[in-house]
>>> print(open('coords.tsv').read())   # TSV, C-alpha atoms
chain	number	residue	atom	x	y	z
A	1	MET	CA	-43.43	20.13	-27.01
A	2	ARG	CA	-40.06	21.90	-26.96
A	3	ARG	CA	-40.46	22.36	-23.23
A	4	ILE	CA	-41.07	18.65	-22.77
A	5	LEU	CA	-37.96	17.80	-24.74
A	6	LEU	CA	-35.88	20.33	-22.80
A	7	LEU	CA	-37.12	19.01	-19.47
A	8	PHE	CA	-36.36	15.46	-20.58
A	9	LEU	CA	-32.78	16.35	-21.53
A	10	LEU	CA	-32.27	18.37	-18.36
A	11	THR	CA	-33.44	15.44	-16.22
A	12	ILE	CA	-31.01	13.07	-17.92
A	13	ALA	CA	-28.18	15.55	-17.42
A	14	LEU	CA	-29.01	16.04	-13.73
A	15	VAL	CA	-29.41	12.36	-12.94
A	16	GLY	CA	-26.23	11.55	-14.85
A	17	ALA	CA	-24.24	14.11	-12.88
A	18	ALA	CA	-25.34	12.74	-9.51
A	19	PRO	CA	-22.96	10.37	-7.70
A	20	ALA	CA	-23.47	6.72	-8.56
A	21	GLN	CA	-25.66	5.14	-5.89
A	22	GLY	CA	-24.07	2.26	-4.07
A	23	THR	CA	-20.65	2.71	-5.59
A	24	GLY	CA	-20.02	5.89	-3.61
A	25	LYS	CA	-18.22	7.35	-6.59
A	26	THR	CA	-18.78	10.52	-8.53
A	27	GLN	CA	-18.19	10.29	-12.25
A	28	SER	CA	-14.89	12.12	-12.01
A	29	GLU	CA	-13.68	9.70	-9.32
A	30	ALA	CA	-14.81	6.75	-11.38
A	31	GLU	CA	-12.82	8.01	-14.34
A	32	ALA	CA	-9.74	8.83	-12.29
A	33	PRO	CA	-7.04	6.17	-12.10
A	34	ALA	CA	-7.06	4.14	-8.89
A	35	GLN	CA	-4.68	5.40	-6.24
A	36	GLY	CA	-1.49	3.44	-6.37
A	37	ALA	CA	-1.97	2.67	-10.05
A	38	ALA	CA	0.92	4.95	-11.02
A	39	LYS	CA	3.44	3.24	-8.78
A	40	SER	CA	2.98	-0.22	-7.48
A	41	PRO	CA	3.62	-0.39	-3.75
A	42	SER	CA	5.71	-3.28	-2.49
A	43	ASP	CA	4.12	-6.06	-0.45
A	44	ALA	CA	5.88	-4.67	2.64
A	45	GLU	CA	4.29	-1.26	2.06
A	46	ILE	CA	0.86	-2.84	1.61
A	47	GLU	CA	1.26	-4.83	4.83
A	48	LYS	CA	2.19	-1.62	6.62
A	49	GLU	CA	-0.89	0.14	5.21
A	50	ILE	CA	-3.14	-2.73	6.30
A	51	LEU	CA	-1.61	-2.81	9.78
A	52	THR	CA	-2.24	0.93	10.12
A	53	ILE	CA	-5.89	0.44	9.13
A	54	GLU	CA	-6.18	-2.51	11.51
A	55	GLY	CA	-4.80	-0.29	14.28
A	56	GLU	CA	-7.43	2.34	13.50
A	57	ARG	CA	-10.15	-0.30	13.38
A	58	ASP	CA	-9.12	-1.81	16.71
A	59	GLN	CA	-9.07	1.61	18.33
A	60	ALA	CA	-12.53	2.29	16.89
A	61	ARG	CA	-13.77	-1.06	18.24
A	62	GLU	CA	-12.57	-0.15	21.71
A	63	LYS	CA	-14.13	3.31	21.56
A	64	GLY	CA	-17.28	2.25	19.72
A	65	ASP	CA	-16.32	4.81	17.08
A	66	ASN	CA	-18.83	3.99	14.36
A	67	ALA	CA	-17.70	6.79	12.03
A	68	THR	CA	-14.26	5.19	11.71
A	69	LEU	CA	-15.72	1.69	11.42
A	70	ASN	CA	-18.10	2.94	8.74
A	71	ARG	CA	-15.12	4.29	6.80
A	72	ILE	CA	-13.10	1.08	7.04
A	73	LEU	CA	-15.81	-1.55	6.52
A	74	ALA	CA	-17.00	-2.01	2.93
A	75	ASP	CA	-20.72	-1.56	2.34
A	76	ASP	CA	-21.13	-5.27	1.65
A	77	TYR	CA	-19.01	-6.28	4.64
A	78	PHE	CA	-19.81	-9.62	6.23
A	79	TYR	CA	-18.74	-10.84	9.63
A	80	ILE	CA	-18.80	-14.36	11.02
A	81	GLY	CA	-18.32	-14.36	14.78
A	82	VAL	CA	-16.98	-17.12	17.04
A	83	ARG	CA	-20.54	-18.37	17.53
A	84	GLY	CA	-20.95	-18.77	13.78
A	85	ASN	CA	-23.28	-15.78	13.73
A	86	VAL	CA	-23.38	-13.92	10.43
A	87	ARG	CA	-23.60	-10.13	10.63
A	88	THR	CA	-23.73	-7.44	7.96
A	89	LYS	CA	-22.06	-4.05	8.25
A	90	ALA	CA	-25.33	-2.46	9.41
A	91	ASN	CA	-25.85	-5.22	12.01
A	92	ARG	CA	-22.32	-4.76	13.27
A	93	LEU	CA	-22.54	-0.97	13.55
A	94	ASP	CA	-25.88	-1.35	15.35
A	95	ASP	CA	-24.23	-3.80	17.77
A	96	TYR	CA	-21.59	-1.20	18.66
A	97	GLU	CA	-24.14	1.60	18.82
A	98	ALA	CA	-26.39	-0.40	21.16
A	99	GLY	CA	-23.50	-1.68	23.29
A	100	VAL	CA	-24.30	-5.29	22.35
A	101	ILE	CA	-20.62	-5.70	21.55
A	102	LYS	CA	-17.99	-4.20	23.80
A	103	VAL	CA	-14.26	-4.39	23.29
A	104	PHE	CA	-12.28	-3.84	26.48
A	105	SER	CA	-8.78	-4.50	25.15
A	106	VAL	CA	-7.27	-5.65	21.87
A	107	LYS	CA	-4.45	-8.11	21.53
A	108	LYS	CA	-3.57	-9.69	18.20
A	109	ASP	CA	-0.50	-11.51	16.88
A	110	ASN	CA	0.76	-14.22	14.50
A	111	PHE	CA	-0.11	-12.13	11.47
A	112	MET	CA	0.28	-13.60	8.02
A	113	PHE	CA	-0.40	-11.71	4.82
A	114	LYS	CA	-1.10	-12.94	1.33
A	115	ILE	CA	-1.28	-10.26	-1.30
A	116	TYR	CA	-2.93	-10.77	-4.68
A	117	GLY	CA	-2.98	-7.38	-6.39
A	118	ASP	CA	-5.81	-5.40	-4.82
A	119	THR	CA	-6.72	-8.22	-2.45
A	120	VAL	CA	-5.05	-8.81	0.90
A	121	LEU	CA	-5.75	-11.85	3.05
A	122	MET	CA	-4.69	-11.30	6.61
A	123	THR	CA	-4.80	-14.10	9.13
A	124	GLY	CA	-3.84	-13.96	12.77
A	125	ARG	CA	-4.67	-14.82	16.36
A	126	GLU	CA	-6.68	-12.62	18.67
A	127	THR	CA	-6.88	-12.72	22.47
A	128	SER	CA	-8.74	-9.46	22.92
A	129	ILE	CA	-11.16	-9.17	25.82
A	130	THR	CA	-14.63	-8.57	24.47
A	131	GLN	CA	-18.24	-8.94	25.47
A	132	TYR	CA	-21.09	-9.94	23.17
A	133	LYS	CA	-24.69	-9.88	24.42
A	134	GLY	CA	-23.36	-9.78	27.97
A	135	LYS	CA	-21.11	-12.82	27.52
A	136	PRO	CA	-17.41	-12.10	28.03
A	137	ASN	CA	-14.86	-13.63	25.70
A	138	ASP	CA	-11.13	-13.82	26.30
A	139	LYS	CA	-10.53	-17.13	24.54
A	140	PRO	CA	-7.90	-17.16	21.81
A	141	ARG	CA	-9.40	-17.20	18.36
A	142	GLN	CA	-8.09	-17.50	14.83
A	143	PHE	CA	-9.25	-14.89	12.38
A	144	THR	CA	-9.21	-14.17	8.66
A	145	ASN	CA	-9.62	-10.65	7.29
A	146	VAL	CA	-10.12	-9.91	3.61
A	147	TYR	CA	-9.18	-6.42	2.52
A	148	ILE	CA	-9.95	-5.21	-1.00
A	149	LYS	CA	-8.84	-1.93	-2.55
A	150	LEU	CA	-12.05	-0.20	-3.61
A	151	ASP	CA	-11.90	3.25	-5.22
A	152	GLY	CA	-8.26	3.55	-4.18
A	153	ARG	CA	-8.88	2.71	-0.51
A	154	TRP	CA	-8.36	-0.51	1.42
A	155	ARG	CA	-11.70	-1.64	2.81
A	156	LEU	CA	-12.41	-4.63	5.03
A	157	VAL	CA	-14.92	-6.79	3.17
A	158	PHE	CA	-14.87	-9.84	5.38
A	159	HIS	CA	-13.92	-10.98	8.87
A	160	GLN	CA	-14.27	-14.40	10.41
A	161	ALA	CA	-13.18	-15.69	13.82
A	162	THR	CA	-12.99	-19.23	15.19
A	163	THR	CA	-12.25	-20.15	18.79
A	164	ILE	CA	-8.97	-22.06	18.95
A	165	GLY	CA	-8.95	-25.58	20.34
A	166	GLU	CA	-12.63	-26.03	21.12
A	167	PRO	CA	-14.06	-29.36	20.03
A	168	TRP	CA	-16.77	-29.22	17.42
B	1	MET	CA	-68.22	23.57	-9.59
B	2	LYS	CA	-65.84	24.79	-12.22
B	3	PRO	CA	-62.29	23.62	-12.25
B	4	ARG	CA	-59.69	26.17	-11.13
B	5	TRP	CA	-58.15	26.48	-14.58
B	6	ASN	CA	-61.41	27.85	-15.93
B	7	ARG	CA	-60.47	31.13	-14.29
B	8	ILE	CA	-58.22	31.91	-17.23
B	9	GLY	CA	-61.11	31.42	-19.58
B	10	ASN	CA	-60.42	28.02	-21.18
B	11	THR	CA	-63.09	25.55	-22.24
B	12	VAL	CA	-63.37	22.16	-20.50
B	13	ARG	CA	-61.83	20.46	-23.55
B	14	GLU	CA	-58.91	22.91	-23.60
B	15	ASN	CA	-58.47	22.41	-19.90
B	16	THR	CA	-58.37	18.63	-20.30
B	17	VAL	CA	-55.70	18.96	-23.01
B	18	ARG	CA	-53.72	21.36	-20.83
B	19	LEU	CA	-54.02	19.05	-17.81
B	20	ASN	CA	-52.79	16.10	-19.87
B	21	MET	CA	-49.85	18.21	-21.06
B	22	VAL	CA	-48.98	19.21	-17.48
B	23	ARG	CA	-49.21	15.57	-16.39
B	24	ARG	CA	-46.88	14.55	-19.21
B	25	ILE	CA	-44.39	17.26	-18.35
B	26	PHE	CA	-44.21	16.02	-14.77
B	27	LEU	CA	-44.42	12.32	-15.55
B	28	LEU	CA	-41.75	12.26	-18.25
B	29	PRO	CA	-38.84	13.44	-16.08
B	30	LEU	CA	-39.98	11.20	-13.24
B	31	LEU	CA	-40.13	8.22	-15.56
B	32	THR	CA	-36.75	9.09	-17.07
B	33	ALA	CA	-35.16	9.45	-13.64
B	34	ALA	CA	-36.70	6.16	-12.53
B	35	LEU	CA	-35.35	4.38	-15.60
B	36	VAL	CA	-31.84	5.79	-15.21
B	37	VAL	CA	-31.72	5.01	-11.47
B	38	SER	CA	-33.16	1.53	-12.02
B	39	GLY	CA	-30.58	0.80	-14.71
B	40	ARG	CA	-27.82	1.91	-12.37
B	41	ALA	CA	-29.16	-0.10	-9.46
B	42	GLN	CA	-29.16	-3.23	-11.60
B	43	ALA	CA	-25.59	-2.54	-12.67
B	44	THR	CA	-24.59	-2.06	-9.02
B	45	VAL	CA	-26.24	-5.24	-7.78
B	46	GLN	CA	-24.48	-7.59	-10.14
B	47	LYS	CA	-22.59	-7.07	-13.35
B	48	PRO	CA	-22.81	-9.84	-15.97
B	49	ALA	CA	-19.09	-10.50	-15.46
B	50	ASP	CA	-19.71	-11.01	-11.73
B	51	ALA	CA	-22.56	-13.42	-12.45
B	52	GLU	CA	-20.25	-15.39	-14.73
B	53	ALA	CA	-17.48	-15.37	-12.12
B	54	GLU	CA	-19.94	-16.55	-9.47
B	55	LYS	CA	-20.99	-19.45	-11.68
B	56	GLU	CA	-17.36	-20.41	-12.32
B	57	VAL	CA	-16.46	-20.25	-8.63
B	58	LEU	CA	-19.42	-22.41	-7.62
B	59	GLU	CA	-18.40	-24.97	-10.25
B	60	VAL	CA	-14.83	-25.09	-8.89
B	61	GLU	CA	-16.26	-25.42	-5.38
B	62	ARG	CA	-18.39	-28.37	-6.56
B	63	GLN	CA	-15.34	-30.04	-8.12
B	64	LYS	CA	-13.37	-29.47	-4.91
B	65	ASP	CA	-16.12	-31.03	-2.75
B	66	GLN	CA	-16.32	-34.03	-5.05
B	67	ALA	CA	-12.53	-34.40	-4.96
B	68	ILE	CA	-12.54	-34.34	-1.13
B	69	ARG	CA	-15.22	-37.04	-0.99
B	70	ASN	CA	-13.37	-39.16	-3.59
B	71	ARG	CA	-9.95	-38.34	-2.12
B	72	ASP	CA	-8.86	-37.21	-5.55
B	73	MET	CA	-5.59	-35.54	-4.64
B	74	THR	CA	-4.78	-34.58	-8.23
B	75	VAL	CA	-7.87	-32.39	-8.50
B	76	LEU	CA	-7.28	-30.86	-5.06
B	77	ASP	CA	-3.66	-30.14	-5.92
B	78	ARG	CA	-4.84	-28.31	-9.04
B	79	ILE	CA	-7.47	-26.23	-7.21
B	80	TYR	CA	-5.50	-25.32	-4.05
B	81	VAL	CA	-2.72	-22.74	-4.23
B	82	ASP	CA	0.60	-23.87	-2.82
B	83	ASP	CA	0.47	-21.35	0.04
B	84	LEU	CA	-3.09	-22.21	1.06
B	85	ALA	CA	-4.26	-20.91	4.46
B	86	PHE	CA	-6.80	-23.38	5.83
B	87	ALA	CA	-8.27	-22.77	9.30
B	88	ASN	CA	-10.40	-25.69	10.46
B	89	GLY	CA	-13.30	-25.71	12.92
B	90	ARG	CA	-10.87	-25.88	15.84
B	91	GLY	CA	-9.13	-22.72	14.70
B	92	LYS	CA	-6.07	-24.72	13.68
B	93	VAL	CA	-4.25	-23.40	10.64
B	94	LEU	CA	-3.11	-26.04	8.19
B	95	THR	CA	-0.85	-25.77	5.18
B	96	LYS	CA	-1.86	-27.26	1.84
B	97	ALA	CA	0.32	-30.33	2.51
B	98	GLN	CA	-1.15	-30.86	6.02
B	99	HIS	CA	-4.75	-30.44	4.85
B	100	MET	CA	-4.26	-32.75	1.86
B	101	GLU	CA	-2.58	-35.35	4.08
B	102	GLU	CA	-5.60	-35.33	6.41
B	103	ILE	CA	-7.85	-36.14	3.46
B	104	ARG	CA	-5.49	-38.63	1.83
B	105	SER	CA	-4.95	-40.50	5.12
B	106	GLY	CA	-8.68	-40.66	5.88
B	107	ASN	CA	-8.32	-38.61	9.09
B	108	VAL	CA	-10.94	-36.35	7.55
B	109	LYS	CA	-13.74	-38.22	5.81
B	110	TYR	CA	-16.91	-36.69	4.39
B	111	LEU	CA	-19.77	-39.12	4.92
B	112	ASN	CA	-22.24	-36.92	3.05
B	113	SER	CA	-22.44	-33.44	1.61
B	114	ASP	CA	-24.91	-30.85	2.87
B	115	ARG	CA	-23.97	-27.28	2.09
B	116	SER	CA	-26.27	-24.32	1.60
B	117	ASP	CA	-26.79	-20.54	1.87
B	118	PHE	CA	-24.03	-19.72	-0.58
B	119	HIS	CA	-23.21	-16.05	-1.04
B	120	VAL	CA	-20.50	-15.10	-3.50
B	121	HIS	CA	-19.02	-11.61	-3.44
B	122	VAL	CA	-16.94	-10.88	-6.52
B	123	TYR	CA	-14.31	-8.13	-6.56
B	124	GLY	CA	-12.62	-8.37	-9.94
B	125	GLY	CA	-10.32	-11.39	-9.76
B	126	THR	CA	-11.23	-12.22	-6.17
B	127	ALA	CA	-14.33	-14.05	-5.00
B	128	VAL	CA	-15.35	-14.54	-1.39
B	129	LEU	CA	-17.70	-17.49	-0.99
B	130	MET	CA	-19.65	-17.74	2.22
B	131	GLY	CA	-21.90	-20.63	3.16
B	132	ARG	CA	-23.27	-22.99	5.74
B	133	GLU	CA	-22.31	-26.64	6.08
B	134	ASN	CA	-24.20	-29.45	7.76
B	135	SER	CA	-22.26	-32.30	6.16
B	136	THR	CA	-21.43	-35.26	8.36
B	137	VAL	CA	-17.68	-35.54	8.70
B	138	GLU	CA	-15.51	-38.05	10.46
B	139	TYR	CA	-12.61	-36.13	11.96
B	140	HIS	CA	-9.90	-38.32	13.52
B	141	GLY	CA	-12.53	-40.96	14.28
B	142	LYS	CA	-15.09	-38.55	15.73
B	143	THR	CA	-18.34	-37.95	13.84
B	144	ILE	CA	-19.31	-34.33	13.46
B	145	SER	CA	-22.62	-33.19	12.04
B	146	SER	CA	-23.18	-29.90	13.86
B	147	PRO	CA	-23.64	-26.86	11.61
B	148	ARG	CA	-20.66	-24.77	10.60
B	149	GLN	CA	-20.33	-21.42	8.87
B	150	PHE	CA	-17.47	-21.10	6.40
B	151	ILE	CA	-15.77	-18.81	3.95
B	152	THR	CA	-13.52	-19.65	1.07
B	153	VAL	CA	-11.53	-17.10	-0.83
B	154	TYR	CA	-10.88	-17.75	-4.50
B	155	VAL	CA	-8.43	-15.72	-6.57
B	156	LYS	CA	-8.12	-15.95	-10.34
B	157	LEU	CA	-4.51	-16.81	-11.15
B	158	ASP	CA	-3.38	-17.47	-14.71
B	159	GLY	CA	-7.01	-17.67	-15.80
B	160	GLN	CA	-8.02	-20.26	-13.18
B	161	TRP	CA	-9.97	-19.75	-9.97
B	162	LYS	CA	-7.73	-20.96	-7.16
B	163	TYR	CA	-8.67	-21.80	-3.60
B	164	VAL	CA	-6.40	-19.57	-1.51
B	165	ALA	CA	-7.97	-19.43	1.96
B	166	HIS	CA	-10.66	-21.17	3.96
B	167	GLN	CA	-12.01	-20.86	7.48
B	168	VAL	CA	-14.69	-22.75	9.35
B	169	THR	CA	-16.56	-21.68	12.49
B	170	PRO	CA	-18.96	-24.01	14.34
B	171	VAL	CA	-22.40	-22.47	14.80
B	172	VAL	CA	-23.30	-22.38	18.47
B	173	GLU	CA	-26.28	-20.08	18.31
B	174	PRO	CA	-29.26	-19.90	15.94
>>> encode(input="coords.tsv", output="structure tokens")
Amino acid sequence: MRRILLLFLLTIALVGAAPAQGTGKTQSEAEAPAQGAAKSPSDAEIEKEILTIEGERDQAREKGDNATLNRILADDYFYIGVRGNVRTKANRLDDYEAGVIKVFSVKKDNFMFKIYGDTVLMTGRETSITQYKGKPNDKPRQFTNVYIKLDGRWRLVFHQATTIGEPW
Amino acid sequence: MKPRWNRIGNTVRENTVRLNMVRRIFLLPLLTAALVVSGRAQATVQKPADAEAEKEVLEVERQKDQAIRNRDMTVLDRIYVDDLAFANGRGKVLTKAQHMEEIRSGNVKYLNSDRSDFHVHVYGGTAVLMGRENSTVEYHGKTISSPRQFITVYVKLDGQWKYVAHQVTPVVEP
């Protein structure tokens, strides 16, 4: 009986010590204050951080670097493409892996940022040359990115693009 | 054929008791682990606060839709933030004033409301609402009923969910 009780307690201790599934946090990380909590970065600093991440993401898109994309995209990332197609993070990474999506060059401008604490809305225009399922795309499109600070890191949770000027 | 455990000289009854004990020893930690993991998974999927936030956001979205159909500018003015970023189905970015003027003037008229597939992702005081729209809209005299995919970002400001950004993309593939 004592053995049963000991085993029971040991199991609880072991499971409790394991990293939280889905949150990607260990207990110590969960208890630690969020990065940036000590000093509040200015909006200009946040914009700079986001632009750096966007630069890394664009480079990863061109190279098909899924490790970097995996780091930047949140686990519950959603993407709405110019065709109105909805893709999850897994779908998107598969698309890069399989060569369904190819990014030949990246060009983006007209950035606007709106910062609400740990949420950043970034809008802009993109004229990158891409190919999706064999169809090339160099049409200008308007995009919205939503970045959220999760566990002290900015992660892209949402991206949507709309072709500019096409009748609908 | 005698069971293996008879080799150590136990009776069948003793062996049955021992087997039950062994089963319990193995089952208990498995059950405990399953319960702990299941509890965590539920907490990860949706916290009660997120469920409440989702309900609130969907209610504000309903009020906003009704206000657009009724051209109730007072309600829209209350729900939209002043620096709203609204990208329509042509990829054109409108300010709050421009978007409200399109509704007030009748350049954008909702003839019916057909919205579905809502997904709300809540991150503290931010909610990203994604959905599909098949509503029939008259846009500058042209009737549009083709499906569109949209997102709306709500942020809780001074205790109220505010509509801060919206984008629409026409669906051109299934």
>>> closest_residue(input="coords.tsv", among="A:Ala74, A:Ile129, A:Leu51, A:Ala90", to="chain B", atoms="only C-alpha atoms")
A:Ala74
>>> atom_distance(input="coords.tsv", atom1="atom CA of A:Asp75", atom2="atom CA of A:Lys133")
23.9 Å
>>> closest_residue(input="coords.tsv", among="B:Asp158, B:Asp117, B:Asp83, B:Glu102", to="B:Gly141", atoms="all atoms listed in the file")
B:Glu102
>>> atom_distance(input="coords.tsv", atom1="atom CA of B:Arg115", atom2="atom CA of B:Met130")
10.5 Å
>>> residues_around(input="coords.tsv", residues="B:Asn70", least_positions_apart="2", cutoff="12 Å", atoms="all atoms listed in the file", output="compact mmCIF listing (two decimals) with C-alpha atoms, in the frame of the given file")
# COMPACT_ATOMS: atom_id res chain seq x y z
CA GLN B 63 -15.34 -30.04 -8.12
CA LYS B 64 -13.37 -29.47 -4.91
CA ASP B 65 -16.12 -31.03 -2.75
CA GLN B 66 -16.32 -34.03 -5.05
CA ALA B 67 -12.53 -34.40 -4.96
CA ILE B 68 -12.54 -34.34 -1.13
CA ASP B 72 -8.86 -37.21 -5.55
CA MET B 73 -5.59 -35.54 -4.64
CA THR B 74 -4.78 -34.58 -8.23
CA VAL B 75 -7.87 -32.39 -8.50
CA LEU B 76 -7.28 -30.86 -5.06
CA ILE B 103 -7.85 -36.14 3.46
CA ARG B 104 -5.49 -38.63 1.83
CA GLY B 106 -8.68 -40.66 5.88
CA VAL B 108 -10.94 -36.35 7.55
CA LYS B 109 -13.74 -38.22 5.81
CA TYR B 110 -16.91 -36.69 4.39
CA LEU B 111 -19.77 -39.12 4.92
CA ASN B 112 -22.24 -36.92 3.05
CA SER B 113 -22.44 -33.44 1.61
>>> residues_around(input="coords.tsv", residues="stretch 134-139 of chain A", least_positions_apart="4", cutoff="9 Å", atoms="all atoms listed in the file", output="PyMOL selection string")
chain A and resi 100-102+126-130+163-164
>>> residues_around(input="coords.tsv", residues="B:Val171", least_positions_apart="3", cutoff="7 Å", atoms="all atoms listed in the file", output="list in words")
Arg83, Gly84 and Asn85 of chain A; Pro147, Arg148 and Gln149 of chain B
>>> closest_residue(input="coords.tsv", among="A:Val106, A:Val146, A:Leu156, A:Ala98", to="chain B", atoms="all atoms listed in the file")
A:Val146
>>> residues_around(input="coords.tsv", residues="stretch 140-142 of chain A", least_positions_apart="2", cutoff="12 Å", atoms="all atoms listed in the file", output="ChimeraX atom specification")
/A:80-83,106-112,122-130,137-138,144-145,159-166 /B:85-94,166-169
>>> atom_distance(input="coords.tsv", atom1="atom CA of A:Lys63", atom2="atom CA of A:Val86")
22.5 Å
>>> residues_near_point(input="coords.tsv", point="(-14.9, 4.0, 11.9)", cutoff="12 Å", atoms="all atoms listed in the file", output="CSV table (one decimal) with C-alpha atoms, in the coordinates of the input")
chain,number,residue,atom,x,y,z
A,53,ILE,CA,-5.9,0.4,9.1
A,54,GLU,CA,-6.2,-2.5,11.5
A,55,GLY,CA,-4.8,-0.3,14.3
A,56,GLU,CA,-7.4,2.3,13.5
A,57,ARG,CA,-10.2,-0.3,13.4
A,58,ASP,CA,-9.1,-1.8,16.7
A,59,GLN,CA,-9.1,1.6,18.3
A,60,ALA,CA,-12.5,2.3,16.9
A,61,ARG,CA,-13.8,-1.1,18.2
A,62,GLU,CA,-12.6,-0.2,21.7
A,63,LYS,CA,-14.1,3.3,21.6
A,64,GLY,CA,-17.3,2.2,19.7
A,65,ASP,CA,-16.3,4.8,17.1
A,66,ASN,CA,-18.8,4.0,14.4
A,67,ALA,CA,-17.7,6.8,12.0
A,68,THR,CA,-14.3,5.2,11.7
A,69,LEU,CA,-15.7,1.7,11.4
A,70,ASN,CA,-18.1,2.9,8.7
A,71,ARG,CA,-15.1,4.3,6.8
A,72,ILE,CA,-13.1,1.1,7.0
A,73,LEU,CA,-15.8,-1.6,6.5
A,74,ALA,CA,-17.0,-2.0,2.9
A,89,LYS,CA,-22.1,-4.0,8.2
A,92,ARG,CA,-22.3,-4.8,13.3
A,93,LEU,CA,-22.5,-1.0,13.6
A,96,TYR,CA,-21.6,-1.2,18.7
A,97,GLU,CA,-24.1,1.6,18.8
A,155,ARG,CA,-11.7,-1.6,2.8
A,156,LEU,CA,-12.4,-4.6,5.0
>>> closest_residue(input="coords.tsv", among="A:Asp43, A:Asp76, A:Glu49, A:Asp151", to="A:Lys114", atoms="only C-alpha atoms")
A:Asp43
>>> closest_residue(input="coords.tsv", among="A:Arg153, A:Gly117, A:Tyr132, A:Glu47", to="chain B", atoms="only C-alpha atoms")
A:Gly117
>>> residues_near_point(input="coords.tsv", point="(-18.0, -15.7, -12.9)", cutoff="12 Å", atoms="only C-alpha atoms", output="PDB file with C-alpha atoms, in the coordinates of the input")
ATOM      1  CA  GLN B  46     -24.480  -7.590 -10.140  1.00  0.00           C
ATOM      2  CA  LYS B  47     -22.590  -7.070 -13.350  1.00  0.00           C
ATOM      3  CA  PRO B  48     -22.810  -9.840 -15.970  1.00  0.00           C
ATOM      4  CA  ALA B  49     -19.090 -10.500 -15.460  1.00  0.00           C
ATOM      5  CA  ASP B  50     -19.710 -11.010 -11.730  1.00  0.00           C
ATOM      6  CA  ALA B  51     -22.560 -13.420 -12.450  1.00  0.00           C
ATOM      7  CA  GLU B  52     -20.250 -15.390 -14.730  1.00  0.00           C
ATOM      8  CA  ALA B  53     -17.480 -15.370 -12.120  1.00  0.00           C
ATOM      9  CA  GLU B  54     -19.940 -16.550  -9.470  1.00  0.00           C
ATOM     10  CA  LYS B  55     -20.990 -19.450 -11.680  1.00  0.00           C
ATOM     11  CA  GLU B  56     -17.360 -20.410 -12.320  1.00  0.00           C
ATOM     12  CA  VAL B  57     -16.460 -20.250  -8.630  1.00  0.00           C
ATOM     13  CA  LEU B  58     -19.420 -22.410  -7.620  1.00  0.00           C
ATOM     14  CA  GLU B  59     -18.400 -24.970 -10.250  1.00  0.00           C
ATOM     15  CA  VAL B  60     -14.830 -25.090  -8.890  1.00  0.00           C
ATOM     16  CA  VAL B 120     -20.500 -15.100  -3.500  1.00  0.00           C
ATOM     17  CA  HIS B 121     -19.020 -11.610  -3.440  1.00  0.00           C
ATOM     18  CA  VAL B 122     -16.940 -10.880  -6.520  1.00  0.00           C
ATOM     19  CA  TYR B 123     -14.310  -8.130  -6.560  1.00  0.00           C
ATOM     20  CA  GLY B 124     -12.620  -8.370  -9.940  1.00  0.00           C
ATOM     21  CA  GLY B 125     -10.320 -11.390  -9.760  1.00  0.00           C
ATOM     22  CA  THR B 126     -11.230 -12.220  -6.170  1.00  0.00           C
ATOM     23  CA  ALA B 127     -14.330 -14.050  -5.000  1.00  0.00           C
ATOM     24  CA  VAL B 128     -15.350 -14.540  -1.390  1.00  0.00           C
ATOM     25  CA  TYR B 154     -10.880 -17.750  -4.500  1.00  0.00           C
ATOM     26  CA  VAL B 155      -8.430 -15.720  -6.570  1.00  0.00           C
ATOM     27  CA  LYS B 156      -8.120 -15.950 -10.340  1.00  0.00           C
ATOM     28  CA  GLY B 159      -7.010 -17.670 -15.800  1.00  0.00           C
ATOM     29  CA  GLN B 160      -8.020 -20.260 -13.180  1.00  0.00           C
ATOM     30  CA  TRP B 161      -9.970 -19.750  -9.970  1.00  0.00           C
TER      31      TRP B 161
END
>>> decode(input="coords.tsv", residues="stretch 102-122 of chain B", atoms="C-alpha atoms", output="compact mmCIF listing (two decimals), in the first residue's frame")
# COMPACT_ATOMS: atom_id res chain seq x y z
CA GLU B 102 -19.43 55.01 -47.12
CA ILE B 103 -22.07 53.49 -44.86
CA ARG B 104 -23.79 56.77 -43.99
CA SER B 105 -23.98 57.81 -47.67
CA GLY B 106 -25.35 54.43 -48.77
CA ASN B 107 -22.34 53.71 -51.01
CA VAL B 108 -22.05 50.49 -49.03
CA LYS B 109 -25.39 48.83 -48.31
CA TYR B 110 -25.89 45.42 -46.74
CA LEU B 111 -28.91 43.78 -48.35
CA ASN B 112 -28.72 40.76 -46.06
CA SER B 113 -26.39 39.23 -43.51
CA ASP B 114 -24.76 35.85 -44.01
CA ARG B 115 -21.65 35.28 -41.95
CA SER B 116 -20.27 32.01 -40.66
CA ASP B 117 -17.21 29.96 -39.64
CA PHE B 118 -16.26 32.29 -36.81
CA HIS B 119 -13.00 31.56 -35.03
CA VAL B 120 -11.98 33.79 -32.16
CA HIS B 121 -8.42 33.69 -30.86
CA VAL B 122 -8.05 35.50 -27.55
